[in-house]
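Notes to accompany the following structure.
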Amino acid sequence: MNNVVSTLLKSVRQYKKESLLAPLFVAFEVVLECAMPLAMAELIDKMTGDSMTEIVKLGVILVIMAMISLLCGAYAGRFAAVASTGFAKNIRQDLFFKIQDFAFSDIDKFSTSSLVTRLTTDVTNVQNAYQMVIRLAVRTPLMIIFSVIMSISVNFQMSMIFLGMIPLLALILFSIIFTVMPIFKRIFKKYDALNNSVQENISGIRVVKAFVREDFEKTKFLKASEDVRENFTMAEKILAFNNPSMVLFICLSMMLISYFGARMIITTGGSALSTGELSSLITYGIQILLAIMMLSMVFVMTSLAVESSERIVEVLNHESSLTSPANGVMEVKDGSISFKNVAFKYSEKSHKNALENINLDIESGQTIGIIGGTGSSKTSLIQLISRLYDVTEGTLEVGGVNVKDYDLNVLRDSVAVVLQKNVLFSGTIKENLRWGKKDATDAEIEHVCKLAQADEFVQQFPDKYDTYIEQGGTNVSGGQKQRLCIARALLKKPKVLILDDSTSAVDTKTDALIRKAFREEIPATTKIIIAQRTSSIEDADVILVLDDGKIVEKGNHAELMAHNGIYREIYDSQNKTKEED
């Protein structure tokens, strides 16, 4: 827990001043609130009808104390609000920045939905708890201590009523808290499942509607939502004992104080306890018991935040499985690639390698075609080149240097990857393309779009390159999205260009024109093309056939056709219809 607190407190940073001022003003507020009942007691005792002078004087003092207390409370609330919201902002920022450095394997470990929950719900819980801690967690102990001291100074015997009830009430309240804490831990796992259901549904809403699976998705969501409700209901049922217990003890203490106080006043003639002092004791009793109640609320919120804090710190303290070396190589000489006895698996727990015994030398400027069935690990192979994952065994070199020795940003700037799942972000076409080169000119953007066969359809849009792309690129077709993503990658002027089945949604003529542009415009760039169609790779210098994570065939189109292996089978099956026609 110490590690959790120390890690989170690093995010306070520029809000340290507000975090210190809030409890300071709270302390002033408590001192004044505890002093006011004594002044009120004296005021009541002065109401003898002899003179109004003392009454007016004490009344003015009470008004001033009340105004100062109000001012202190207002400032305490303001500073607490600034500190807690700023603290939450910094945590979100630290989490987001940390996630940006995660490798794909780290994202896989936490899951996207869980990371979203930690950035939203968990941070909000910590924010609320922090605000309560710097206000109520300071206010309640001080209120209890000062009120007990004041009540003892008024009448020791009567104060024993409070001192006897405090441990009993505290025992009940904290028993409630420790009972609900395990339930809160379960709730966060349910939240992850709920967020996962929502995220999958929204991202795949077109598929849901295409297969008329709305009812299934509703049922799945309702189940996840019901799980959260059941657990929260269970926690709330237990916490419901909090207020009744508090009210019971307040009423009981008031009855005891009133009875014994009145008896003491009557039997001693007011010498042992005056009417004003009895009034102050009642006030102190209420302050003590309400403070304990507020303390229990703090513990409820902090118990909820403890689990959230641990989940946040788990991400903040997680060391990415991929790190950039301290003095990494800052230049990629060329696009040559060498796999030496490479093996790879996605997790240490995996029983089988995704890739095995990969030995491959690619010269700079060559075009490499990769083909194979679903699950043959084609994408796994190319993800190693830009260190989206690290090899498990063997070595992988780019430009004659081990990829692990490069500065990670330098390597990835030199290896452009158009992934199988093309992603465009909300913004104009220009803004999306400038992900490849942030200072690219309009002429450069238009040029790469012509190479990627995207310029023709962009020019047909009313706003041309200023056309706004909706989130995820939902207002352009799959083929248009692919061509824009290829153009974006070309803007990087990479040493290695990887296309992971990135022309699957374009027609064969456009596919051929894109490959022709590659040959003519970027001859020095190493091009690796993963494809399902043999026509997309038959003019490649080398074609690799992958099966079950191994290279089972290698050669150019003519050599593989003569080999009569898997490649020939794929080619014949795809061209059978053409031959029959």
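In the structure tokens, each chain is lettered A, B, ... as it comes, each chain's residues begin at 1, and ligands are numbered from 1 in order of appearance.
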
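Close contacts of region 220-237 of chain A, defined as residues with an atom at most 9 Å away when counting only C-alpha atoms, with chain neighbours fewer than 6 positions off set aside, comprise Thr179, Val180, Met181, Ile183, Phe184, Arg186, Ile187, Phe188, Lys190, Tyr191, Ala193, Leu194, Asn195, Ser197 and Val198 of chain A.
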
Excluding region 320-333 of chain A and any residue of its chain fewer than 5 positions from it, enumerate the residues within 7 Å of it, using only C-alpha atoms, and give them as JSON, numbers by chain. {"A": [101, 102, 103, 106, 399, 405, 406, 407, 408, 410, 411, 414]}

Saved selection, atoms kept: C-alpha atoms, as a compact mmCIF listing (two decimals), in the first residue's frame:
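Output saved as part13.txt:
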```txt
# COMPACT_ATOMS: atom_id res chain seq x y z
CA ASP A 101 4.89 3.31 -24.57
CA PHE A 102 3.28 -0.12 -24.20
CA ALA A 103 4.08 -2.87 -26.64
CA ASP A 106 1.32 -5.16 -22.86
CA GLY A 399 20.27 -2.40 -42.07
CA ASP A 405 20.03 -1.90 -30.66
CA TYR A 406 18.12 0.83 -32.49
CA ASP A 407 16.44 3.78 -30.86
CA LEU A 408 12.84 2.60 -31.07
CA VAL A 410 14.26 5.78 -35.30
CA LEU A 411 13.56 2.16 -36.23
CA SER A 414 12.30 3.85 -40.99
```

Do you know which residues are at most 8 Å from Met143 (chain A) counting only C-alpha atoms, after dropping those on the same chain fewer than 6 positions away, and could you put them as a PDB file with C-alpha atoms, in the first residue's frame?
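After the write, result-v8.pdb holds the following:
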```
ATOM      1  CA  VAL A  30     -12.587  23.127  12.922  1.00  0.00           C
ATOM      2  CA  VAL A  31     -10.941  25.238  15.638  1.00  0.00           C
ATOM      3  CA  CYS A  34     -15.216  23.913  18.357  1.00  0.00           C
ATOM      4  CA  GLN A 287     -20.107  17.142  16.449  1.00  0.00           C
ATOM      5  CA  ILE A 288     -18.250  14.060  17.713  1.00  0.00           C
ATOM      6  CA  ALA A 291     -17.486  13.418  12.705  1.00  0.00           C
TER       7      ALA A 291
END
```

Need the shell around Arg483 (chain A): protein/DNA/RNA residues with any atom at most 8 Å away, counting only C-alpha atoms. Skip same-chain ones fewer than 5 positions apart. Format as a ChimeraX atom specification? /A:449,452-454,503

Show me, as a ChimeraX atom specification, the residues that have an atom within 9 Å of Gly73 (chain A) when counting only C-alpha atoms, minus same-chain residues fewer than 4 positions from it. /A:22,25-26,28-29,68-69,77-78

Could you pull out all residues of region 374-457 of chain A with a DSSP call of alpha helix (DSSP H) and give them as a ChimeraX atom specification? /A:378-383,408-414,429-433,442-451,455-457

Just the number, please: distance in Å from CA of Pro37 (chain A) to CA of Thr53 (chain A), one decimal. 19.5 Å

Could you pull out the residues in region 405-553 of chain A that DSSP calls strand (DSSP E or B) from the backbone, as number ranges by chain? A: 406, 415-418, 427-428, 468-469, 496-500, 526-530, 542-547, 550-553

Quick one: everything within 12 Å of Pro167 (chain A), counting only C-alpha atoms, minus sequence neighbours fewer than 5 positions away in the same chain. Send it as a VMD selection string. chain A and resid 160 to 162 172 to 175 249 288 to 289 292

At a cut-off of 9 Å, using only C-alpha atoms, what residues contact Met293 (chain A)? Leave out same-chain residues fewer than 4 positions from it and give the result as a list in words. Thr140, Leu169, Ala170, Leu173, Asn242, Asn243, Met246, Ile288, Leu289, Met297 and Val298 of chain A

Tell me which of A:Val552, A:Ala489, A:Leu433, A:Ile370 sits closest to Ser535 (chain A), counting only C-alpha atoms.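 Closest to Ser535 (chain A), using only C-alpha atoms: A:Ile370.
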
Quick one: of A:Thr112, A:Ser84, A:Val313, A:Lys189, who's nearest to Val4 (chain A), counting only C-alpha atoms? A:Val313

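Shortest separation to Phe96 (chain A) among A:Met65, A:Ala487, A:Met52, A:Ile312 occurs at residue A:Ile312, atoms counted being only C-alpha atoms.
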
Quick one: contact table of region 465-535 of chain A to region 336-339 of chain A, 12 Å max, nearest atom pair and distance in Å to one decimal per residue, counting only C-alpha atoms, chain and number order, as JSON lines?
```
{"residue": "A:Lys495", "atom": "CA", "partner": "A:Ser336", "partner_atom": "CA", "distance": 8.5}
{"residue": "A:Val496", "atom": "CA", "partner": "A:Ser336", "partner_atom": "CA", "distance": 8.2}
{"residue": "A:Leu497", "atom": "CA", "partner": "A:Ser336", "partner_atom": "CA", "distance": 11.6}
{"residue": "A:Ala524", "atom": "CA", "partner": "A:Ser336", "partner_atom": "CA", "distance": 10.2}
{"residue": "A:Thr525", "atom": "CA", "partner": "A:Ser336", "partner_atom": "CA", "distance": 9.2}
{"residue": "A:Thr526", "atom": "CA", "partner": "A:Ser336", "partner_atom": "CA", "distance": 7.2}
{"residue": "A:Lys527", "atom": "CA", "partner": "A:Ser336", "partner_atom": "CA", "distance": 10.4}
{"residue": "A:Ile528", "atom": "CA", "partner": "A:Ile337", "partner_atom": "CA", "distance": 10.6}
```

For Asp442 (chain A), which of A:Leu304, A:Leu396, A:Leu491, A:Phe457 is the closest residue, counting only C-alpha atoms?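 Of A:Leu304, A:Leu396, A:Leu491, A:Phe457, the one nearest Asp442 (chain A) is A:Leu491, counting only C-alpha atoms.
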
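In terms of minimum interatomic distance to Ser6 (chain A), A:Asn317 ranks closest within A:Ala81, A:Tyr284, A:Val448, A:Asn317, counting only C-alpha atoms.
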
Using only C-alpha atoms: which of A:Gln131, A:Ala88, A:Pro182, A:Ser253 has the shortest distance to Leu8 (chain A):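 That would be A:Ala88, the residue with the smallest distance to Leu8 (chain A).
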